[in-house]
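A.B. asks: I am sharing start_29.pdb, which consists of PDB, C-alpha atoms:
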```
ATOM      1  CA  MET S 161    -122.155  86.924  64.232
ATOM      2  CA  TRP S 162    -123.358  89.089  67.065
ATOM      3  CA  ARG S 163    -123.027  92.396  65.200
ATOM      4  CA  ASN S 164    -126.713  92.633  64.363
ATOM      5  CA  CYS S 165    -127.659  91.877  67.971
ATOM      6  CA  VAL S 166    -125.524  94.804  69.111
ATOM      7  CA  ARG S 167    -126.960  97.023  66.376
ATOM      8  CA  LEU S 168    -130.526  96.194  67.414
ATOM      9  CA  ALA S 169    -129.703  96.795  71.069
ATOM     10  CA  ARG S 170    -128.223 100.199  70.263
ATOM     11  CA  ARG S 171    -131.412 101.143  68.463
ATOM     12  CA  GLY S 172    -133.267 100.609  71.711
ATOM     13  CA  LEU S 173    -135.993  98.022  71.346
ATOM     14  CA  GLY S 174    -137.397  98.455  74.832
ATOM     15  CA  ARG S 175    -140.319 100.534  76.024
ATOM     16  CA  GLY S 176    -140.331 104.039  74.587
ATOM     17  CA  ALA S 177    -137.880 103.161  71.829
ATOM     18  CA  VAL S 178    -137.716 105.498  68.863
ATOM     19  CA  LEU S 179    -138.244 103.668  65.580
ATOM     20  CA  ARG S 180    -135.627 104.343  62.911
ATOM     21  CA  PRO S 181    -135.669 103.527  59.194
ATOM     22  CA  ASP S 182    -134.611  99.988  58.305
ATOM     23  CA  PRO S 183    -131.269 100.234  56.449
ATOM     24  CA  THR S 184    -132.127  97.098  54.467
ATOM     25  CA  VAL S 185    -134.992  98.926  52.778
ATOM     26  CA  SER S 186    -134.427 101.734  50.300
ATOM     27  CA  ARG S 187    -136.400 104.947  50.288
ATOM     28  CA  CYS S 188    -138.439 103.663  47.366
ATOM     29  CA  GLY S 189    -139.472 100.641  49.443
ATOM     30  CA  VAL S 190    -137.310  98.047  47.673
ATOM     31  CA  SER S 191    -135.688  95.523  50.031
ATOM     32  CA  LYS S 192    -131.991  94.784  49.717
ATOM     33  CA  ASP S 193    -131.102  91.425  48.196
ATOM     34  CA  TYR S 194    -128.100  90.134  50.172
ATOM     35  CA  ALA S 195    -127.480  87.167  47.851
ATOM     36  CA  LEU S 196    -125.890  89.182  45.040
ATOM     37  CA  PRO S 197    -122.155  89.313  44.278
ATOM     38  CA  ASN S 198    -120.119  91.967  46.072
ATOM     39  CA  SER S 199    -116.473  92.941  46.364
ATOM     40  CA  SER S 200    -115.867  90.524  49.254
ATOM     41  CA  TRP S 201    -116.655  87.449  47.175
ATOM     42  CA  SER S 202    -113.632  85.358  46.266
ATOM     43  CA  GLN S 203    -113.011  84.166  42.717
ATOM     44  CA  GLY S 204    -114.132  80.685  43.765
ATOM     45  CA  MET S 205    -117.424  82.093  45.066
ATOM     46  CA  MET S 206    -117.946  84.079  41.862
ATOM     47  CA  ASP S 207    -117.181  81.081  39.644
ATOM     48  CA  LEU S 208    -119.601  78.825  41.521
ATOM     49  CA  TYR S 209    -122.295  81.517  41.485
ATOM     50  CA  SER S 210    -121.864  81.985  37.726
ATOM     51  CA  ARG S 211    -122.106  78.244  37.173
ATOM     52  CA  PHE S 212    -125.432  77.964  38.976
ATOM     53  CA  LEU S 213    -126.707  81.159  37.370
ATOM     54  CA  GLU S 214    -126.018  79.604  33.971
ATOM     55  CA  MET S 215    -128.076  76.544  34.948
ATOM     56  CA  CYS S 216    -130.983  78.856  35.791
ATOM     57  CA  LYS S 217    -131.386  79.818  32.135
ATOM     58  CA  ASP S 218    -133.299  76.654  31.194
ATOM     59  CA  GLY S 219    -135.436  76.742  34.346
ATOM     60  CA  THR S 220    -133.793  73.724  35.984
ATOM     61  CA  TRP S 221    -132.522  75.889  38.834
ATOM     62  CA  LYS S 222    -133.919  79.066  40.357
ATOM     63  CA  ARG S 223    -131.947  81.668  42.264
ATOM     64  CA  ILE S 224    -133.506  82.510  45.634
ATOM     65  CA  PRO S 225    -133.200  86.180  46.659
ATOM     66  CA  SER S 226    -132.139  86.876  50.229
ATOM     67  CA  TYR S 227    -134.318  89.571  51.736
ATOM     68  CA  SER S 228    -135.281  89.814  55.402
ATOM     69  CA  ASN S 229    -138.187  87.482  54.582
ATOM     70  CA  SER S 230    -136.675  85.270  51.879
ATOM     71  CA  VAL S 231    -139.189  82.476  52.423
ATOM     72  CA  ASP S 232    -141.776  84.590  50.621
ATOM     73  CA  HIS S 233    -139.631  84.540  47.497
ATOM     74  CA  ILE S 234    -139.272  80.766  47.170
ATOM     75  CA  PRO S 235    -141.255  79.968  43.996
ATOM     76  CA  GLY S 236    -144.399  77.874  44.029
ATOM     77  CA  LYS S 237    -146.844  79.355  46.514
ATOM     78  CA  ALA S 238    -147.343  81.818  49.339
ATOM     79  CA  PHE S 239    -145.943  79.998  52.342
ATOM     80  CA  TRP S 240    -146.305  82.164  55.372
ATOM     81  CA  GLY S 241    -149.610  83.938  54.870
ATOM     82  CA  VAL S 242    -149.865  86.522  57.632
ATOM     83  CA  HIS S 243    -146.397  87.839  58.424
ATOM     84  CA  SER S 244    -144.951  87.395  61.865
ATOM     85  CA  LYS S 245    -143.510  90.558  63.374
ATOM     86  CA  TYR S 246    -140.500  88.472  64.407
ATOM     87  CA  GLN S 247    -139.753  87.016  60.982
ATOM     88  CA  PRO S 248    -137.504  89.817  59.623
ATOM     89  CA  GLN S 249    -135.285  89.697  62.733
ATOM     90  CA  LEU S 250    -134.801  85.953  62.160
ATOM     91  CA  TRP S 251    -133.326  86.488  58.704
ATOM     92  CA  GLN S 252    -131.306  89.553  59.746
ATOM     93  CA  THR S 253    -129.150  87.288  61.901
ATOM     94  CA  ILE S 254    -127.405  86.102  58.728
ATOM     95  CA  ASN S 255    -127.849  89.260  56.634
ATOM     96  CA  MET S 256    -125.198  91.740  57.779
ATOM     97  CA  ASP S 257    -124.833  95.322  56.612
ATOM     98  CA  THR S 258    -121.049  95.129  56.164
ATOM     99  CA  GLU S 259    -119.959  92.978  53.242
ATOM    100  CA  GLY S 260    -117.619  90.058  53.820
ATOM    101  CA  VAL S 261    -117.569  89.979  57.622
ATOM    102  CA  GLY S 262    -120.191  87.312  58.265
ATOM    103  CA  PHE S 263    -122.428  85.149  56.131
ATOM    104  CA  GLU S 264    -121.793  85.601  52.412
ATOM    105  CA  TYR S 265    -124.085  83.195  50.621
ATOM    106  CA  ALA S 266    -126.444  82.570  47.720
ATOM    107  CA  MET S 267    -129.152  79.910  47.444
ATOM    108  CA  PHE S 268    -130.428  78.039  44.397
ATOM    109  CA  LEU S 269    -133.452  75.747  44.179
ATOM    110  CA  ASN S 270    -134.006  72.745  41.907
ATOM    111  CA  PRO S 271    -137.784  72.160  42.178
ATOM    112  CA  SER S 272    -137.891  68.849  40.285
ATOM    113  CA  GLU S 273    -135.187  67.315  42.498
ATOM    114  CA  LYS S 274    -136.573  68.932  45.679
ATOM    115  CA  ARG S 275    -133.072  70.185  46.292
ATOM    116  CA  MET S 276    -131.693  73.443  47.672
ATOM    117  CA  VAL S 277    -128.021  74.391  47.563
ATOM    118  CA  CYS S 278    -126.251  77.259  49.260
ATOM    119  CA  LEU S 279    -122.925  78.785  48.261
ATOM    120  CA  PHE S 280    -121.330  79.862  51.537
ATOM    121  CA  GLN S 281    -118.260  81.974  52.290
ATOM    122  CA  PRO S 282    -117.757  82.601  56.048
ATOM    123  CA  GLY S 283    -116.229  85.902  57.158
ATOM    124  CA  PRO S 284    -114.098  86.813  60.206
ATOM    125  CA  TYR S 285    -117.076  87.563  62.486
ATOM    126  CA  LEU S 286    -117.919  83.851  62.348
ATOM    127  CA  GLU S 287    -114.574  82.714  63.728
ATOM    128  CA  GLY S 288    -114.529  79.926  66.301
ATOM    129  CA  PRO S 289    -111.214  78.064  66.458
ATOM    130  CA  SER S 290    -108.471  80.337  65.138
ATOM    131  CA  GLY S 291    -108.827  80.653  61.369
ATOM    132  CA  PHE S 292    -111.971  78.542  61.128
ATOM    133  CA  ALA S 293    -115.725  79.112  61.164
ATOM    134  CA  HIS S 294    -117.551  78.497  64.441
ATOM    135  CA  GLY S 295    -119.634  75.321  64.456
ATOM    136  CA  GLY S 296    -122.695  77.372  65.319
ATOM    137  CA  SER S 297    -122.385  79.355  62.098
ATOM    138  CA  THR S 298    -122.157  76.102  60.158
ATOM    139  CA  ALA S 299    -125.307  74.885  61.896
ATOM    140  CA  THR S 300    -127.040  78.181  61.077
ATOM    141  CA  ILE S 301    -126.333  77.995  57.351
ATOM    142  CA  ILE S 302    -127.324  74.307  57.287
ATOM    143  CA  ASP S 303    -130.601  75.047  59.067
ATOM    144  CA  SER S 304    -131.324  77.992  56.761
ATOM    145  CA  THR S 305    -130.656  75.924  53.634
ATOM    146  CA  ILE S 306    -132.393  72.746  54.685
ATOM    147  CA  GLY S 307    -135.306  74.724  56.132
ATOM    148  CA  SER S 308    -135.777  76.606  52.862
ATOM    149  CA  CYS S 309    -135.814  73.270  51.052
ATOM    150  CA  ALA S 310    -138.501  71.936  53.400
ATOM    151  CA  THR S 311    -140.478  75.145  52.955
ATOM    152  CA  PHE S 312    -140.553  74.685  49.189
ATOM    153  CA  VAL S 313    -141.983  71.177  49.530
ATOM    154  CA  ALA S 314    -144.357  71.548  52.469
ATOM    155  CA  GLY S 315    -145.048  75.259  52.961
ATOM    156  CA  ARG S 316    -145.053  76.477  56.562
ATOM    157  CA  VAL S 317    -142.727  74.234  58.564
ATOM    158  CA  MET S 318    -140.828  74.149  61.824
ATOM    159  CA  THR S 319    -137.680  72.264  62.755
ATOM    160  CA  ALA S 320    -138.396  69.200  64.892
ATOM    161  CA  ASN S 321    -134.901  67.723  64.794
ATOM    162  CA  LEU S 322    -131.561  68.715  63.303
ATOM    163  CA  SER S 323    -128.600  66.371  63.717
ATOM    164  CA  ILE S 324    -125.162  67.462  62.499
ATOM    165  CA  ASN S 325    -121.925  65.509  62.270
ATOM    166  CA  TYR S 326    -118.903  67.794  61.917
ATOM    167  CA  ARG S 327    -116.118  66.236  59.832
ATOM    168  CA  ASN S 328    -113.625  68.989  58.970
ATOM    169  CA  PRO S 329    -113.637  72.654  60.053
ATOM    170  CA  ILE S 330    -114.377  75.300  57.418
ATOM    171  CA  PRO S 331    -111.517  77.788  56.901
ATOM    172  CA  LEU S 332    -112.603  81.429  57.084
ATOM    173  CA  GLY S 333    -112.843  82.962  53.617
ATOM    174  CA  SER S 334    -113.103  79.604  51.866
ATOM    175  CA  VAL S 335    -116.138  78.618  49.802
ATOM    176  CA  VAL S 336    -118.258  75.558  50.486
ATOM    177  CA  LEU S 337    -121.383  74.097  48.925
ATOM    178  CA  VAL S 338    -124.259  73.310  51.290
ATOM    179  CA  ASP S 339    -126.354  70.736  49.415
ATOM    180  CA  SER S 340    -129.733  69.720  50.868
ATOM    181  CA  LYS S 341    -132.582  67.580  49.562
ATOM    182  CA  VAL S 342    -135.884  66.107  50.646
ATOM    183  CA  ASP S 343    -135.559  62.360  51.206
ATOM    184  CA  GLN S 344    -139.096  61.483  52.238
ATOM    185  CA  VAL S 345    -142.455  62.980  53.149
ATOM    186  CA  GLU S 346    -144.773  61.154  55.543
ATOM    187  CA  GLY S 347    -147.954  63.068  56.227
ATOM    188  CA  ARG S 348    -146.850  66.276  57.944
ATOM    189  CA  LYS S 349    -143.286  65.014  58.428
ATOM    190  CA  VAL S 350    -140.575  66.097  56.000
ATOM    191  CA  PHE S 351    -137.247  64.234  56.213
ATOM    192  CA  LEU S 352    -134.165  65.845  54.695
ATOM    193  CA  SER S 353    -130.423  65.366  54.430
ATOM    194  CA  CYS S 354    -127.571  67.783  53.801
ATOM    195  CA  HIS S 355    -123.850  67.715  53.038
ATOM    196  CA  VAL S 356    -121.351  70.558  53.280
ATOM    197  CA  ARG S 357    -118.392  70.076  50.943
ATOM    198  CA  SER S 358    -115.509  72.074  49.538
ATOM    199  CA  ILE S 359    -116.169  73.362  46.027
ATOM    200  CA  ASP S 360    -113.828  70.731  44.552
ATOM    201  CA  GLY S 361    -115.865  68.051  46.329
ATOM    202  CA  GLN S 362    -112.802  66.563  47.998
ATOM    203  CA  THR S 363    -113.465  67.655  51.595
ATOM    204  CA  LEU S 364    -116.588  66.821  53.570
ATOM    205  CA  HIS S 365    -116.989  69.489  56.243
ATOM    206  CA  ALA S 366    -120.303  68.412  57.754
ATOM    207  CA  GLU S 367    -123.329  66.232  57.129
ATOM    208  CA  ALA S 368    -126.782  66.549  58.602
ATOM    209  CA  THR S 369    -130.224  65.006  58.756
ATOM    210  CA  ALA S 370    -133.360  66.867  59.704
ATOM    211  CA  LEU S 371    -137.035  66.431  60.418
ATOM    212  CA  PHE S 372    -139.426  69.300  59.761
ATOM    213  CA  ILE S 373    -143.123  69.361  60.588
ATOM    214  CA  ARG S 374    -145.625  71.008  58.263
ATOM    215  CA  LEU S 375    -147.833  73.424  60.164
ATOM    216  CA  ASP S 376    -151.608  73.402  59.904
ATOM    217  CA  SER S 377    -152.602  76.540  58.003
ATOM    218  CA  THR S 378    -156.013  76.572  59.716
ATOM    219  CA  LYS S 379    -154.490  76.936  63.192
ATOM    220  CA  SER S 380    -152.266  79.547  64.761
ATOM    221  CA  LEU S 381    -148.744  78.624  65.820
ATOM    222  CA  GLN S 382    -149.735  79.070  69.468
ATOM    223  CA  GLN S 383    -152.611  76.590  69.065
ATOM    224  CA  GLN S 384    -150.372  73.991  67.464
ATOM    225  CA  MET S 385    -147.657  74.363  70.087
ATOM    226  CA  SER S 386    -150.198  73.960  72.889
ATOM    227  CA  CYS S 387    -151.251  70.622  71.409
ATOM    228  CA  GLN S 388    -147.755  69.163  71.599
TER     229      GLN S 388
END
```
What does this structure look like when you write it as structure tokens?

C.D. replies:
Amino acid sequence: MWRNCVRLARRGLGRGAVLRPDPTVSRCGVSKDYALPNSSWSQGMMDLYSRFLEMCKDGTWKRIPSYSNSVDHIPGKAFWGVHSKYQPQLWQTINMDTEGVGFEYAMFLNPSEKRMVCLFQPGPYLEGPSGFAHGGSTATIIDSTIGSCATFVAGRVMTANLSINYRNPIPLGSVVLVDSKVDQVEGRKVFLSCHVRSIDGQTLHAEATALFIRLDSTKSLQQQMSCQ
């Protein structure tokens, strides 16, 4: 989980640092999509991915690419407007260069149901208790999924509250389905819920509720934070 932090530190991000090419971007300027099948995916991950991909054919579901700034690729509208210089680093925390060691995942959106699901296979870098994913990595994938769902509905949002109940640890290398949906919208408040289950649906690993606040597009983030 900390591999990217070490990689960024080695690049030297302090004063006088020498900028190097971003390995997630090809020479022709095309960003790498991390949410595509690779050799580290288990058969269960591949089967679940194929199932959702099949449901995309009639437009009910849409596959969400995973670039450094995936929020820009959620269908519907331009959410973020002017890019933050910090935004790519945020998404690189779950997009690792080496396949299979960290977050292997793919997201799908159902616009009519205001629902976002994430297929998640945790790698060995996410280990907490021996043989199981760290609770922080579970929280990260929940926040990423539920936040993307809120973004689809409300545009630019920020997390106000995220409450997680852990039920059963997630074995490393297993595949789980992170299923989030919007429950209610009240003005600028977006209320959501999320469940993390095994792919057979028999094991509940975690459940969460969240509150996101829609940001005012006419004000800068600094202005809105100063009004809190």

A.B. asks: Would you work out the distance separating atom CA of S:Ala368 from atom CA of S:Pro225, expressed in Å to one decimal?

C.D. replies: 23.9 Å

A.B. asks: Quick one: pull the distance between atom CA of S:Asn321 and atom CA of S:Val261, Å, one decimal.

C.D. replies: 29.1 Å

A.B. asks: Atom CA of S:Ile324 to atom CA of S:Lys341: how many Å, to one decimal?

C.D. replies: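 Atom CA of S:Ile324 sits 14.9 Å away from atom CA of S:Lys341.
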
A.B. asks: I'd like to know which of S:Met206, S:Tyr265, S:Ala320, S:Pro284 is closest to S:Val338, using only C-alpha atoms.

C.D. replies: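 Selected residue with least distance to S:Val338: S:Tyr265.
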
A.B. asks: Selection in question (the file shown): the PyMOL selection byres ((chain S and resi 330) around 6). Which residues does it include, as JSON, numbers by chain?

C.D. replies: {"S": [292, 293, 329, 331]}

A.B. asks: Pick from S:Leu322, S:Val350, S:Met256, S:Cys309: nearest to S:Pro271, with only C-alpha atoms counted?

C.D. replies: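 That would be S:Cys309, the residue with the smallest distance to S:Pro271.
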
A.B. asks: Have a look at S:Glu287, S:Asp376, S:Asp360, S:Glu264 and name the one nearest to S:Val317; count all atoms listed in the file.

C.D. replies: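 Among the listed residues, S:Asp376 lies closest to S:Val317.
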
A.B. asks: Between S:Val356, S:Cys216, S:Ile373, S:Ala195, which has the minimum distance to S:Thr311 (counting only C-alpha atoms)?

C.D. replies: S:Ile373

A.B. asks: Which residues, named as in the file, does the PyMOL selection byres ((chain S and resi 205) around 8) pick out? Answer as a PDB file with C-alpha atoms, keeping the file's coordinate frame.

C.D. replies:
```pdb
ATOM      1  CA  TRP S 201    -116.655  87.449  47.175  1.00  0.00           C
ATOM      2  CA  SER S 202    -113.632  85.358  46.266  1.00  0.00           C
ATOM      3  CA  GLN S 203    -113.011  84.166  42.717  1.00  0.00           C
ATOM      4  CA  GLY S 204    -114.132  80.685  43.765  1.00  0.00           C
ATOM      5  CA  MET S 206    -117.946  84.079  41.862  1.00  0.00           C
ATOM      6  CA  ASP S 207    -117.181  81.081  39.644  1.00  0.00           C
ATOM      7  CA  LEU S 208    -119.601  78.825  41.521  1.00  0.00           C
ATOM      8  CA  TYR S 209    -122.295  81.517  41.485  1.00  0.00           C
ATOM      9  CA  LEU S 279    -122.925  78.785  48.261  1.00  0.00           C
ATOM     10  CA  PHE S 280    -121.330  79.862  51.537  1.00  0.00           C
ATOM     11  CA  GLN S 281    -118.260  81.974  52.290  1.00  0.00           C
ATOM     12  CA  VAL S 335    -116.138  78.618  49.802  1.00  0.00           C
TER      13      VAL S 335
END
```

A.B. asks: Which of these, S:Lys222, S:Lys274, S:Lys192, S:Arg211, has the shortest distance to S:Asp257 once you count only C-alpha atoms?

C.D. replies: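 The closest residue to S:Asp257 is S:Lys192.
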
A.B. asks: Residues around (-125.5, 71.1, 53.6), cut-off 8 Å, counting only C-alpha atoms - what are they as a PDB file with C-alpha atoms, keeping the file's coordinate frame?

C.D. replies:
```
ATOM      1  CA  VAL S 277    -128.021  74.391  47.563  1.00  0.00           C
ATOM      2  CA  CYS S 278    -126.251  77.259  49.260  1.00  0.00           C
ATOM      3  CA  ILE S 301    -126.333  77.995  57.351  1.00  0.00           C
ATOM      4  CA  ILE S 302    -127.324  74.307  57.287  1.00  0.00           C
ATOM      5  CA  THR S 305    -130.656  75.924  53.634  1.00  0.00           C
ATOM      6  CA  ILE S 306    -132.393  72.746  54.685  1.00  0.00           C
ATOM      7  CA  LEU S 337    -121.383  74.097  48.925  1.00  0.00           C
ATOM      8  CA  VAL S 338    -124.259  73.310  51.290  1.00  0.00           C
ATOM      9  CA  ASP S 339    -126.354  70.736  49.415  1.00  0.00           C
ATOM     10  CA  SER S 340    -129.733  69.720  50.868  1.00  0.00           C
ATOM     11  CA  SER S 353    -130.423  65.366  54.430  1.00  0.00           C
ATOM     12  CA  CYS S 354    -127.571  67.783  53.801  1.00  0.00           C
ATOM     13  CA  HIS S 355    -123.850  67.715  53.038  1.00  0.00           C
ATOM     14  CA  VAL S 356    -121.351  70.558  53.280  1.00  0.00           C
ATOM     15  CA  ARG S 357    -118.392  70.076  50.943  1.00  0.00           C
ATOM     16  CA  ALA S 366    -120.303  68.412  57.754  1.00  0.00           C
ATOM     17  CA  GLU S 367    -123.329  66.232  57.129  1.00  0.00           C
ATOM     18  CA  ALA S 368    -126.782  66.549  58.602  1.00  0.00           C
TER      19      ALA S 368
END
```
